[in-house]
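Containing compact mmCIF, C-alpha atoms and all ligand atoms: work04.txt.
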```txt
# COMPACT_ATOMS: atom_id res chain seq x y z
CA MET V 1066 -90.75 142.32 87.28
CA GLY V 1067 -93.96 140.67 88.40
CA GLU V 1068 -92.51 137.65 90.11
CA ASN V 1069 -89.37 139.17 91.65
CA GLY V 1070 -87.25 137.82 88.83
CA VAL V 1071 -88.03 134.15 89.49
CA TYR V 1072 -90.33 132.33 87.06
CA GLU V 1073 -91.36 128.73 87.30
CA LEU V 1074 -91.08 126.96 83.95
CA LYS V 1075 -93.04 124.22 82.29
CA CYS V 1076 -90.55 122.14 80.31
CA GLU V 1077 -90.94 119.91 77.27
CA VAL V 1078 -90.27 116.19 77.50
CA GLN V 1079 -88.79 114.43 74.46
CA THR V 1080 -89.89 110.83 74.05
CA TYR V 1081 -87.05 109.60 71.80
CA ALA V 1082 -86.83 105.82 71.45
CA TRP V 1083 -83.47 105.60 73.24
CA GLY V 1084 -84.98 106.95 76.49
CA LYS V 1085 -85.76 104.93 79.58
CA PRO V 1086 -89.31 103.56 79.78
CA GLY V 1087 -92.00 104.75 82.17
CA ALA V 1088 -91.17 105.47 85.79
CA SER V 1089 -87.62 104.11 85.40
CA SER V 1090 -86.83 107.36 83.55
CA GLU V 1091 -85.53 110.21 85.69
CA VAL V 1092 -87.10 112.58 83.16
CA ALA V 1093 -90.54 111.06 83.76
CA ARG V 1094 -90.02 110.82 87.52
CA LEU V 1095 -89.05 114.48 87.89
CA SER V 1096 -91.83 115.68 85.57
CA LYS V 1097 -94.40 113.75 87.59
CA LEU V 1098 -93.05 114.96 90.94
CA ALA V 1099 -93.31 118.62 89.94
CA HIS V 1100 -96.54 118.28 87.99
CA PRO V 1101 -98.79 115.50 89.35
CA ASP V 1102 -100.99 115.78 86.24
CA PHE V 1103 -98.05 114.60 84.09
CA ASN V 1104 -99.12 111.19 82.86
CA VAL V 1105 -96.36 108.53 82.93
CA GLU V 1106 -97.06 105.60 80.64
CA GLN V 1107 -95.14 102.41 81.32
CA ASN V 1108 -94.65 101.69 77.61
CA GLN V 1109 -93.52 105.17 76.67
CA THR V 1110 -89.83 106.11 76.64
CA TYR V 1111 -88.88 109.42 78.26
CA ALA V 1112 -85.50 110.58 76.98
CA GLU V 1113 -84.95 114.29 77.60
CA LEU V 1114 -86.31 117.22 79.58
CA TRP V 1115 -85.49 120.51 77.85
CA MET V 1116 -85.01 123.51 80.12
CA GLY V 1117 -84.41 126.62 78.08
CA ALA V 1118 -85.43 128.69 75.09
CA HIS V 1119 -84.45 126.39 72.21
CA PRO V 1120 -86.78 127.25 69.28
CA LYS V 1121 -87.64 123.56 68.73
CA ALA V 1122 -89.15 123.17 72.19
CA PRO V 1123 -88.94 126.29 74.35
CA SER V 1124 -89.96 126.01 77.99
CA THR V 1125 -92.91 128.20 78.91
CA ILE V 1126 -93.52 130.45 81.90
CA LEU V 1127 -95.89 128.36 84.03
CA SER V 1128 -98.05 131.26 85.22
CA SER V 1129 -98.63 132.85 81.81
CA GLY V 1130 -97.94 130.16 79.21
CA ILE V 1131 -95.58 132.53 77.36
CA ALA V 1132 -92.62 130.83 75.65
CA LEU V 1133 -89.35 131.60 77.43
CA SER V 1134 -87.82 132.58 74.08
CA ASP V 1135 -90.53 135.24 73.54
CA PHE V 1136 -90.32 136.37 77.13
CA ILE V 1137 -86.57 136.95 76.80
CA LYS V 1138 -87.05 138.79 73.49
CA SER V 1139 -89.35 141.34 75.13
CA ASN V 1140 -87.31 141.60 78.36
CA GLU V 1141 -83.70 141.42 77.19
CA ASP V 1142 -82.33 142.84 80.44
CA ILE V 1143 -83.28 139.66 82.30
CA LEU V 1144 -80.31 137.97 80.59
CA GLY V 1145 -77.86 140.36 82.23
CA SER V 1146 -76.09 142.96 80.11
CA LYS V 1147 -72.89 140.97 79.50
CA VAL V 1148 -74.77 137.86 78.41
CA ALA V 1149 -77.20 139.88 76.26
CA ASN V 1150 -74.31 141.65 74.51
CA LEU V 1151 -72.14 138.60 73.95
CA PHE V 1152 -74.96 136.35 72.74
CA ASN V 1153 -77.11 138.84 70.79
CA GLY V 1154 -79.98 138.88 73.23
CA GLU V 1155 -80.37 135.12 73.42
CA LEU V 1156 -80.00 132.58 76.20
CA PRO V 1157 -76.78 130.83 75.10
CA PHE V 1158 -77.34 127.46 76.73
CA LEU V 1159 -79.81 124.60 76.81
CA PHE V 1160 -80.09 122.68 80.08
CA LYS V 1161 -81.38 119.11 80.05
CA VAL V 1162 -82.05 115.97 82.03
CA LEU V 1163 -81.27 112.82 80.02
CA SER V 1164 -82.44 109.26 80.69
CA VAL V 1165 -80.42 106.98 78.44
CA ASN V 1166 -81.49 103.38 77.98
CA LYS V 1167 -79.86 102.61 74.65
CA SER V 1168 -76.68 104.07 73.24
CA LEU V 1169 -76.95 107.37 71.40
CA SER V 1170 -75.03 107.92 68.21
CA ILE V 1171 -71.26 108.16 68.45
CA GLN V 1172 -70.52 111.75 67.50
CA ALA V 1173 -68.36 114.85 67.69
CA HIS V 1174 -69.12 118.56 67.46
CA PRO V 1175 -67.21 121.12 65.39
CA ASN V 1176 -65.52 124.15 66.89
CA LYS V 1177 -67.02 127.57 66.20
CA LYS V 1178 -64.94 128.39 63.14
CA HIS V 1179 -65.54 124.98 61.62
CA ALA V 1180 -69.27 125.17 62.42
CA GLU V 1181 -69.48 128.48 60.54
CA LYS V 1182 -67.79 126.95 57.52
CA LEU V 1183 -69.94 123.79 57.55
CA ASN V 1184 -73.10 125.86 57.93
CA GLN V 1185 -72.10 128.07 55.03
CA GLU V 1186 -71.21 125.16 52.74
CA ARG V 1187 -73.98 122.68 53.68
CA PRO V 1188 -76.75 124.46 55.59
CA GLU V 1189 -79.13 121.55 54.97
CA ILE V 1190 -76.97 119.29 57.19
CA TYR V 1191 -75.25 121.79 59.48
CA LYS V 1192 -78.17 124.01 60.34
CA ASP V 1193 -76.54 126.71 62.45
CA PRO V 1194 -73.11 128.36 62.70
CA ASN V 1195 -72.57 127.64 66.39
CA HIS V 1196 -70.28 125.25 68.27
CA LYS V 1197 -71.81 122.72 70.69
CA PRO V 1198 -69.68 122.10 73.74
CA GLU V 1199 -71.49 119.79 76.16
CA MET V 1200 -71.17 118.83 79.81
CA ALA V 1201 -72.75 115.69 81.23
CA ILE V 1202 -73.06 115.32 85.01
CA ALA V 1203 -74.16 111.91 86.28
CA LEU V 1204 -77.31 111.67 88.40
CA THR V 1205 -77.08 107.88 88.60
CA PRO V 1206 -74.18 105.63 87.56
CA PHE V 1207 -73.62 106.74 83.98
CA GLU V 1208 -71.74 105.16 81.10
CA GLY V 1209 -70.37 106.73 77.99
CA LEU V 1210 -67.63 106.64 75.40
CA CYS V 1211 -65.32 109.62 75.30
CA GLY V 1212 -62.02 110.52 73.63
CA PHE V 1213 -59.42 108.15 72.18
CA ARG V 1214 -58.06 105.45 74.47
CA PRO V 1215 -54.44 105.33 75.58
CA LEU V 1216 -52.17 104.18 72.75
CA THR V 1217 -51.27 100.90 74.50
CA ASP V 1218 -54.97 99.92 74.76
CA ILE V 1219 -55.56 100.41 71.05
CA GLN V 1220 -52.33 98.61 70.14
CA SER V 1221 -53.36 95.68 72.27
CA PHE V 1222 -56.85 95.44 70.71
CA LEU V 1223 -55.27 95.47 67.24
CA LYS V 1224 -53.17 92.50 68.28
CA THR V 1225 -55.87 90.48 70.08
CA VAL V 1226 -58.90 91.19 67.89
CA PRO V 1227 -58.08 89.85 64.40
CA GLU V 1228 -61.42 91.04 62.97
CA LEU V 1229 -60.53 94.61 63.97
CA GLN V 1230 -57.09 94.22 62.44
CA ALA V 1231 -58.63 92.90 59.22
CA VAL V 1232 -60.70 96.08 58.86
CA VAL V 1233 -57.89 98.43 59.88
CA GLY V 1234 -55.46 96.70 57.53
CA SER V 1235 -51.96 95.40 58.19
CA VAL V 1236 -50.05 98.51 57.11
CA ALA V 1237 -51.93 100.92 59.41
CA THR V 1238 -51.88 98.34 62.21
CA GLU V 1239 -48.12 97.91 61.96
CA GLN V 1240 -47.56 101.66 61.90
CA LEU V 1241 -49.64 102.24 65.01
CA CYS V 1242 -48.15 99.28 66.84
CA SER V 1243 -44.63 100.55 66.29
CA CYS V 1244 -45.13 104.23 67.07
CA ALA V 1245 -44.67 104.16 70.86
CA GLY V 1246 -42.28 106.87 72.03
CA LYS V 1247 -42.60 108.82 68.79
CA ASP V 1248 -43.72 112.39 68.34
CA GLU V 1249 -47.31 113.20 69.38
CA ALA V 1250 -48.09 114.33 65.85
CA ILE V 1251 -46.88 111.02 64.42
CA ILE V 1252 -48.90 109.01 66.92
CA SER V 1253 -52.03 111.04 66.13
CA SER V 1254 -51.54 110.57 62.42
CA CYS V 1255 -51.08 106.78 62.81
CA LEU V 1256 -54.20 106.65 64.95
CA LYS V 1257 -56.07 108.67 62.36
CA SER V 1258 -55.10 106.22 59.59
CA CYS V 1259 -56.42 103.29 61.63
CA PHE V 1260 -59.67 105.02 62.53
CA GLU V 1261 -60.15 106.29 59.01
CA ASN V 1262 -59.71 102.78 57.59
CA VAL V 1263 -62.50 101.56 59.84
CA MET V 1264 -64.83 104.40 58.88
CA LYS V 1265 -64.05 104.22 55.16
CA CYS V 1266 -64.04 100.43 54.87
CA ASP V 1267 -66.49 98.86 52.41
CA PRO V 1268 -69.62 98.37 54.56
CA ASP V 1269 -70.09 94.76 53.43
CA VAL V 1270 -66.51 93.81 54.26
CA ARG V 1271 -66.80 95.55 57.60
CA SER V 1272 -70.16 93.97 58.52
CA ALA V 1273 -68.79 90.52 57.67
CA GLN V 1274 -65.85 91.04 60.05
CA ILE V 1275 -68.14 92.36 62.79
CA GLN V 1276 -70.35 89.32 62.34
CA LEU V 1277 -67.34 87.00 62.69
CA LEU V 1278 -66.27 88.86 65.81
CA VAL V 1279 -69.74 88.78 67.35
CA ASN V 1280 -70.09 85.06 66.61
CA ARG V 1281 -66.73 84.36 68.21
CA VAL V 1282 -67.40 86.47 71.31
CA SER V 1283 -70.95 85.11 71.76
CA VAL V 1284 -69.66 81.65 72.63
CA MET V 1285 -66.91 82.82 74.99
CA ASP V 1286 -67.17 82.21 78.71
CA LYS V 1287 -68.53 85.51 80.10
CA ILE V 1288 -66.06 85.54 82.96
CA SER V 1289 -63.01 84.64 80.90
CA ALA V 1290 -60.09 87.00 80.40
CA GLU V 1291 -60.59 86.55 76.69
CA PHE V 1292 -64.16 87.90 76.92
CA GLN V 1293 -62.98 90.86 79.05
CA ASN V 1294 -60.05 91.62 76.74
CA THR V 1295 -62.36 91.70 73.73
CA LEU V 1296 -64.80 94.07 75.51
CA GLY V 1297 -67.32 91.24 75.09
CA GLU V 1298 -70.13 92.74 77.15
CA LEU V 1299 -69.99 96.14 75.44
CA LEU V 1300 -69.58 94.62 71.98
CA LEU V 1301 -72.62 92.34 72.36
CA ARG V 1302 -74.67 95.17 73.84
CA ILE V 1303 -73.86 97.61 71.00
CA ASN V 1304 -74.41 94.87 68.43
CA SER V 1305 -77.82 94.01 69.91
CA GLN V 1306 -78.84 97.68 69.62
CA PHE V 1307 -77.18 98.36 66.25
CA PRO V 1308 -76.44 95.03 64.54
CA SER V 1309 -73.14 95.01 62.60
CA ASP V 1310 -72.86 98.79 63.00
CA VAL V 1311 -69.44 100.43 62.66
CA GLY V 1312 -69.91 101.42 66.32
CA CYS V 1313 -69.08 97.78 67.21
CA LEU V 1314 -65.48 98.54 66.14
CA VAL V 1315 -65.35 102.17 67.32
CA ILE V 1316 -65.54 100.86 70.92
CA TYR V 1317 -61.94 99.64 70.58
CA PHE V 1318 -60.78 103.19 69.93
CA LEU V 1319 -62.71 105.20 72.53
CA ASN V 1320 -62.52 105.23 76.32
CA LEU V 1321 -65.39 103.60 78.16
CA ILE V 1322 -66.17 106.00 81.00
CA LYS V 1323 -68.22 105.16 84.06
CA LEU V 1324 -69.29 108.21 86.03
CA SER V 1325 -70.57 108.05 89.60
CA PRO V 1326 -73.31 110.51 90.61
CA GLY V 1327 -71.80 114.00 90.65
CA GLU V 1328 -68.93 113.12 88.29
CA ALA V 1329 -68.89 114.88 84.95
CA MET V 1330 -67.43 114.65 81.50
CA TYR V 1331 -66.89 117.68 79.32
CA LEU V 1332 -67.15 117.25 75.57
CA GLY V 1333 -65.20 120.00 73.88
CA ALA V 1334 -64.90 120.44 70.13
CA ASN V 1335 -63.77 117.42 68.07
CA VAL V 1336 -63.85 114.94 70.94
CA PRO V 1337 -65.60 111.73 69.83
CA HIS V 1338 -68.22 110.59 72.34
CA ALA V 1339 -71.44 108.70 72.95
CA TYR V 1340 -73.79 108.24 75.88
CA LEU V 1341 -74.52 104.59 76.60
CA ASP V 1342 -76.60 104.26 79.75
CA GLY V 1343 -77.83 106.13 82.82
CA ASN V 1344 -79.40 109.41 83.90
CA CYS V 1345 -77.55 112.70 83.73
CA ILE V 1346 -77.82 116.46 83.71
CA GLU V 1347 -76.59 117.95 80.47
CA CYS V 1348 -75.76 121.52 79.59
CA MET V 1349 -74.75 122.65 76.11
CA ALA V 1350 -74.43 125.63 73.84
CA CYS V 1351 -77.51 126.17 71.69
CA SER V 1352 -76.69 124.36 68.47
CA ASP V 1353 -77.67 121.25 66.53
CA ASN V 1354 -74.31 120.65 64.87
CA VAL V 1355 -73.52 116.96 65.19
CA VAL V 1356 -71.05 114.99 63.09
CA ARG V 1357 -71.87 111.31 63.57
CA ALA V 1358 -69.55 108.31 63.69
CA GLY V 1359 -71.83 105.33 64.23
CA CYS V 1360 -74.74 103.76 66.11
CA THR V 1361 -77.24 105.80 64.17
CA PRO V 1362 -79.64 105.39 61.26
CA LYS V 1363 -78.85 109.03 60.40
CA TYR V 1364 -76.35 110.38 57.90
CA ILE V 1365 -72.67 109.81 58.73
CA ASP V 1366 -70.41 112.45 57.18
CA VAL V 1367 -67.28 110.29 57.16
CA PRO V 1368 -64.81 112.72 55.49
CA THR V 1369 -65.75 115.62 57.78
CA LEU V 1370 -65.62 113.38 60.83
CA CYS V 1371 -62.23 111.86 60.03
CA GLU V 1372 -60.67 115.26 59.34
CA MET V 1373 -61.97 117.04 62.43
CA LEU V 1374 -61.39 114.56 65.29
CA ASP V 1375 -58.94 115.14 68.09
CA TYR V 1376 -56.72 112.06 67.73
CA SER V 1377 -54.73 112.53 70.90
CA PRO V 1378 -54.86 109.31 72.91
CA GLY V 1379 -55.34 109.47 76.67
CA GLY V 1380 -56.96 107.84 79.67
CA ILE V 1381 -60.31 108.47 81.24
CA ASP V 1382 -58.83 110.84 83.82
CA LYS V 1383 -58.28 113.32 81.02
CA GLN V 1384 -61.97 113.14 80.13
CA LYS V 1385 -63.54 113.49 83.58
CA TYR V 1386 -64.28 117.09 84.47
CA PRO V 1387 -63.82 118.20 88.08
CA ALA V 1388 -66.20 120.49 89.97
CA LEU V 1389 -64.59 123.31 91.94
CA GLN V 1390 -65.69 124.56 95.33
CA SER V 1391 -67.20 128.06 95.12
CA ASP V 1392 -65.23 130.82 96.89
CA THR V 1393 -68.38 132.55 98.02
CA ASP V 1394 -70.88 129.83 98.91
CA PRO V 1395 -69.91 126.72 100.92
CA TYR V 1396 -72.82 124.76 99.44
CA VAL V 1397 -71.95 125.36 95.81
CA LYS V 1398 -69.63 123.42 93.50
CA ILE V 1399 -69.08 124.66 89.98
CA TYR V 1400 -68.45 122.84 86.72
CA ASN V 1401 -67.01 125.66 84.66
CA PRO V 1402 -65.62 124.64 81.27
CA ALA V 1403 -63.42 126.97 79.23
CA VAL V 1404 -66.28 128.33 77.14
CA ASP V 1405 -68.44 131.40 77.72
CA ASP V 1406 -71.71 129.68 76.83
CA PHE V 1407 -72.41 127.97 80.14
CA ALA V 1408 -71.34 126.73 83.54
CA VAL V 1409 -73.26 124.50 85.94
CA GLN V 1410 -73.51 124.86 89.70
CA CYS V 1411 -74.35 121.94 91.95
CA ILE V 1412 -76.03 123.27 95.09
CA SER V 1413 -76.24 120.94 98.06
CA VAL V 1414 -77.63 122.47 101.27
CA PRO V 1415 -77.54 120.18 104.32
CA ASN V 1416 -80.65 119.31 106.34
CA GLU V 1417 -79.83 121.52 109.31
CA ILE V 1418 -79.78 124.72 107.24
CA LYS V 1419 -83.25 126.25 107.35
CA GLU V 1420 -82.65 129.43 105.38
CA TYR V 1421 -80.74 129.72 102.15
CA THR V 1422 -80.12 132.50 99.66
CA PHE V 1423 -79.16 131.70 96.08
CA GLU V 1424 -76.39 134.03 95.06
CA SER V 1425 -77.31 136.87 92.78
CA VAL V 1426 -75.36 136.45 89.52
CA ASP V 1427 -74.92 138.75 86.53
CA SER V 1428 -76.46 136.17 84.21
CA ALA V 1429 -79.82 134.61 83.62
CA SER V 1430 -79.90 131.11 85.06
CA ILE V 1431 -82.07 128.02 85.13
CA LEU V 1432 -82.55 126.11 88.36
CA LEU V 1433 -83.61 122.46 88.56
CA VAL V 1434 -84.58 121.10 91.96
CA LEU V 1435 -83.85 117.41 92.51
CA ASN V 1436 -84.49 117.20 96.22
CA GLY V 1437 -85.83 119.50 98.91
CA LYS V 1438 -88.78 121.75 99.52
CA SER V 1439 -89.16 125.43 100.27
CA THR V 1440 -91.65 126.41 102.93
CA LYS V 1441 -91.36 130.12 102.22
CA CYS V 1442 -89.53 132.06 99.55
CA THR V 1443 -89.12 135.20 97.49
CA GLY V 1444 -92.15 135.70 95.25
CA ASN V 1445 -93.92 132.43 94.58
CA ALA V 1446 -90.98 130.18 93.76
CA HIS V 1447 -92.32 126.96 95.23
CA LEU V 1448 -89.21 124.78 95.33
CA ARG V 1449 -89.96 121.06 95.16
CA PRO V 1450 -88.43 118.01 93.43
CA GLY V 1451 -88.65 118.31 89.65
CA ALA V 1452 -89.51 122.03 89.66
CA VAL V 1453 -87.60 124.24 87.21
CA PHE V 1454 -87.15 128.00 87.48
CA PHE V 1455 -85.82 130.75 85.26
CA ILE V 1456 -83.99 133.29 87.41
CA ALA V 1457 -83.40 136.73 85.91
CA ALA V 1458 -79.89 138.21 86.15
CA ASN V 1459 -79.04 139.97 89.41
CA THR V 1460 -81.88 138.34 91.33
CA LYS V 1461 -81.46 137.24 94.91
CA LEU V 1462 -83.65 134.28 95.79
CA SER V 1463 -84.12 133.51 99.47
CA VAL V 1464 -85.90 130.38 100.65
CA GLN V 1465 -86.83 128.69 103.90
CA LEU V 1466 -86.15 125.00 103.70
CA GLU V 1467 -87.32 121.77 105.17
CA GLY V 1468 -84.94 118.82 104.93
CA GLY V 1469 -82.10 120.24 102.86
CA LEU V 1470 -81.86 121.05 99.19
CA PHE V 1471 -80.14 119.50 96.17
CA CYS V 1472 -80.29 121.26 92.84
CA PHE V 1473 -78.41 122.23 89.69
CA ARG V 1474 -78.23 125.71 88.23
CA ALA V 1475 -77.07 126.54 84.70
CA LEU V 1476 -75.70 130.02 84.09
CA CYS V 1477 -72.97 131.96 82.33
CA MET V 1478 -69.84 132.91 84.24
CA LEU V 1479 -68.32 135.77 82.26
CA ASN V 1480 -65.45 137.91 83.53
ZN ZN T 1501 -72.65 115.32 71.74
```
Take the structure I supplied and represent it as structure tokens, if you would.
Amino acid sequence: MGENGVYELKCEVQTYAWGKPGASSEVARLSKLAHPDFNVEQNQTYAELWMGAHPKAPSTILSSGIALSDFIKSNEDILGSKVANLFNGELPFLFKVLSVNKSLSIQAHPNKKHAEKLNQERPEIYKDPNHKPEMAIALTPFEGLCGFRPLTDIQSFLKTVPELQAVVGSVATEQLCSCAGKDEAIISSCLKSCFENVMKCDPDVRSAQIQLLVNRVSVMDKISAEFQNTLGELLLRINSQFPSDVGCLVIYFLNLIKLSPGEAMYLGANVPHAYLDGNCIECMACSDNVVRAGCTPKYIDVPTLCEMLDYSPGGIDKQKYPALQSDTDPYVKIYNPAVDDFAVQCISVPNEIKEYTFESVDSASILLVLNGKSTKCTGNAHLRPGAVFFIAANTKLSVQLEGGLFCFRALCMLN
């Protein structure tokens, strides 16, 4: 292998409208740091950096301009034999940096079996047969919605927000409010009825209630308990981005999660979620299967959504995903969800360490440098902030460092 198994990548930037503008976007900042010729326009939004072989926007090998997807096709062994066998010769994950300025659609992803069925029945909407587990790791304070709230929270909103109750209906409200202490299955089914009533409500009736709610909250004192208890800030924010959208009511069902840098949330199958604000690293299985629930101009498949969701209520602790210390490298922490498709390492080498060797792993991996510089290294891997590398399986990368190193590495951890 010409470059000792380490290939610098040139990665595509997606300028979706929900991204952060200009230099305030981590995507733009990192792209500019690694490639000074990258032009950052103050009025442009920079939403995502795609690091991988996704056919819609594959990264290219910087030195040759070859698409990573083509490169892998003609050099399958660089994936590692286990990965190549399990994933039919394809890189199973897509690694991203996200800069979120405006909330993304509220959504959930089907499990593998369900994805296969949806793809078979409606290939025009569900374009591939794969699941789409996702992991988001905060780079800056990061906000999102994730999983159903604890039962007591939802019960209390139903009591204190009459507009929500009007949409949910009195029967479903009463059932949910009296199901404490009952069987988990009963609680889930009561919660489902309430959520379903919101999603299936006549849009005009629902919009009218949301408008009443927004009008009422708009004149509240911003520091009052009433404003807090009605999630006033979040409601007004979502409504300003998506006026009268069903998402304005979905916020009363889902946990609002605030991640500090380094904290993560894992979005397994059927967990409703949305990203609201901040910069993060994201890793996901290669798929486009999204079932939406609000805050989107795109198609919302209400029946599929309502049937598939995981209606188990719970707090935010259940949704945060811990990183584990590596057994073999003191500078590595691993976010390793219970899927084969990907894991993410966070590598943080302190200033005083001048030489560092990235562990050789039996999987292709993608390395994103956030901080630090190499002065000397294997091949020509010139580590610097914003630089992205594809590392072939079973490659040992040794670098000499100046001033520490902070990076993320996506890989597969198969047994
Ligand atoms: Zn998602």
Show which residues sit within 9 Å of Asp1366 (chain V), as JSON, numbers by chain. Count only C-alpha atoms, and ignore same-chain residues fewer than 5 positions away. {"V": [1356, 1357, 1358, 1371]}
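For ligand ZN 1501 (chain T), the neighbouring protein, DNA and RNA residues, which are those within 7 Å when only C-alpha atoms and all ligand atoms are counted, are V:Gln1172, V:Ala1173, V:His1174, V:Glu1199, V:Leu1332, V:His1338, V:Ala1339, V:Val1355.
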Tell me which of V:Met1478, V:Leu1301, V:Val1282, V:Ile1252 sits closest to Ser1377 (chain V), counting only C-alpha atoms.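 Smallest separation from Ser1377 (chain V) among the options: V:Ile1252.
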Set the distance at 10 Å and use all atoms listed in the file: which residues neighbour Ile1202 (chain V) once local chain neighbours fewer than 2 positions away are removed? I'd like the list as a list in words.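 Contacts, in chain order: Val1162, Leu1163, Met1200, Leu1204, Thr1205, Phe1207, Leu1324, Ser1325, Pro1326, Gly1327, Glu1328, Ala1329, Met1330, Tyr1331, Asn1344, Cys1345, Ile1346, Glu1347, Cys1348, Lys1385, Tyr1386, Ala1388, Tyr1400, Val1409, Cys1411 and Phe1473 of chain V.
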Do you know which residues are at most 7 Å from Ala1457 (chain V) counting all atoms listed in the file, after dropping those on the same chain fewer than 6 positions away, and could you put them as number ranges by chain? V: 1070-1071, 1143-1144, 1429-1430
Protein/DNA/RNA residues near (-94.6, 102.7, 78.5), cut 10 Å, all atoms listed in the file, as a ChimeraX atom specification: /V:1085-1089,1105-1111
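Between CA of Glu1073 (chain V) and CA of Asn1140 (chain V) there is a distance of 16.2 Å.
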Against region 1285-1293 of chain V, which residues of region 1298-1376 of chain V fall within 10 Å? For each one I want the closest pair of atoms and the distance in Å (one decimal), counting all atoms listed in the file, rows by chain and increasing residue number, as JSON lines.
```
{"residue": "V:Glu1298", "atom": "CA", "partner": "V:Gln1293", "partner_atom": "CA", "distance": 7.6}
{"residue": "V:Leu1299", "atom": "CA", "partner": "V:Gln1293", "partner_atom": "CA", "distance": 9.5}
{"residue": "V:Leu1300", "atom": "CA", "partner": "V:Phe1292", "partner_atom": "CA", "distance": 9.9}
```
Restrict the selected residues to C-alpha atoms and save them as a tab-separated table (two decimals), keeping the file's coordinate frame.
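This went into out.tsv:
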```
chain	number	residue	atom	x	y	z
V	1298	GLU	CA	-70.13	92.74	77.15
V	1299	LEU	CA	-69.99	96.14	75.44
V	1300	LEU	CA	-69.58	94.62	71.98
```
One decimal, in Å: what's the spacing between CA of Val1233 (chain V) and CA of Pro1268 (chain V)?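 Spanning CA of Val1233 (chain V) to CA of Pro1268 (chain V) is a straight-line distance of 12.9 Å.
A straight line drawn from CA of Asn1294 (chain V) to CA of Ile1316 (chain V) is 12.2 Å long.
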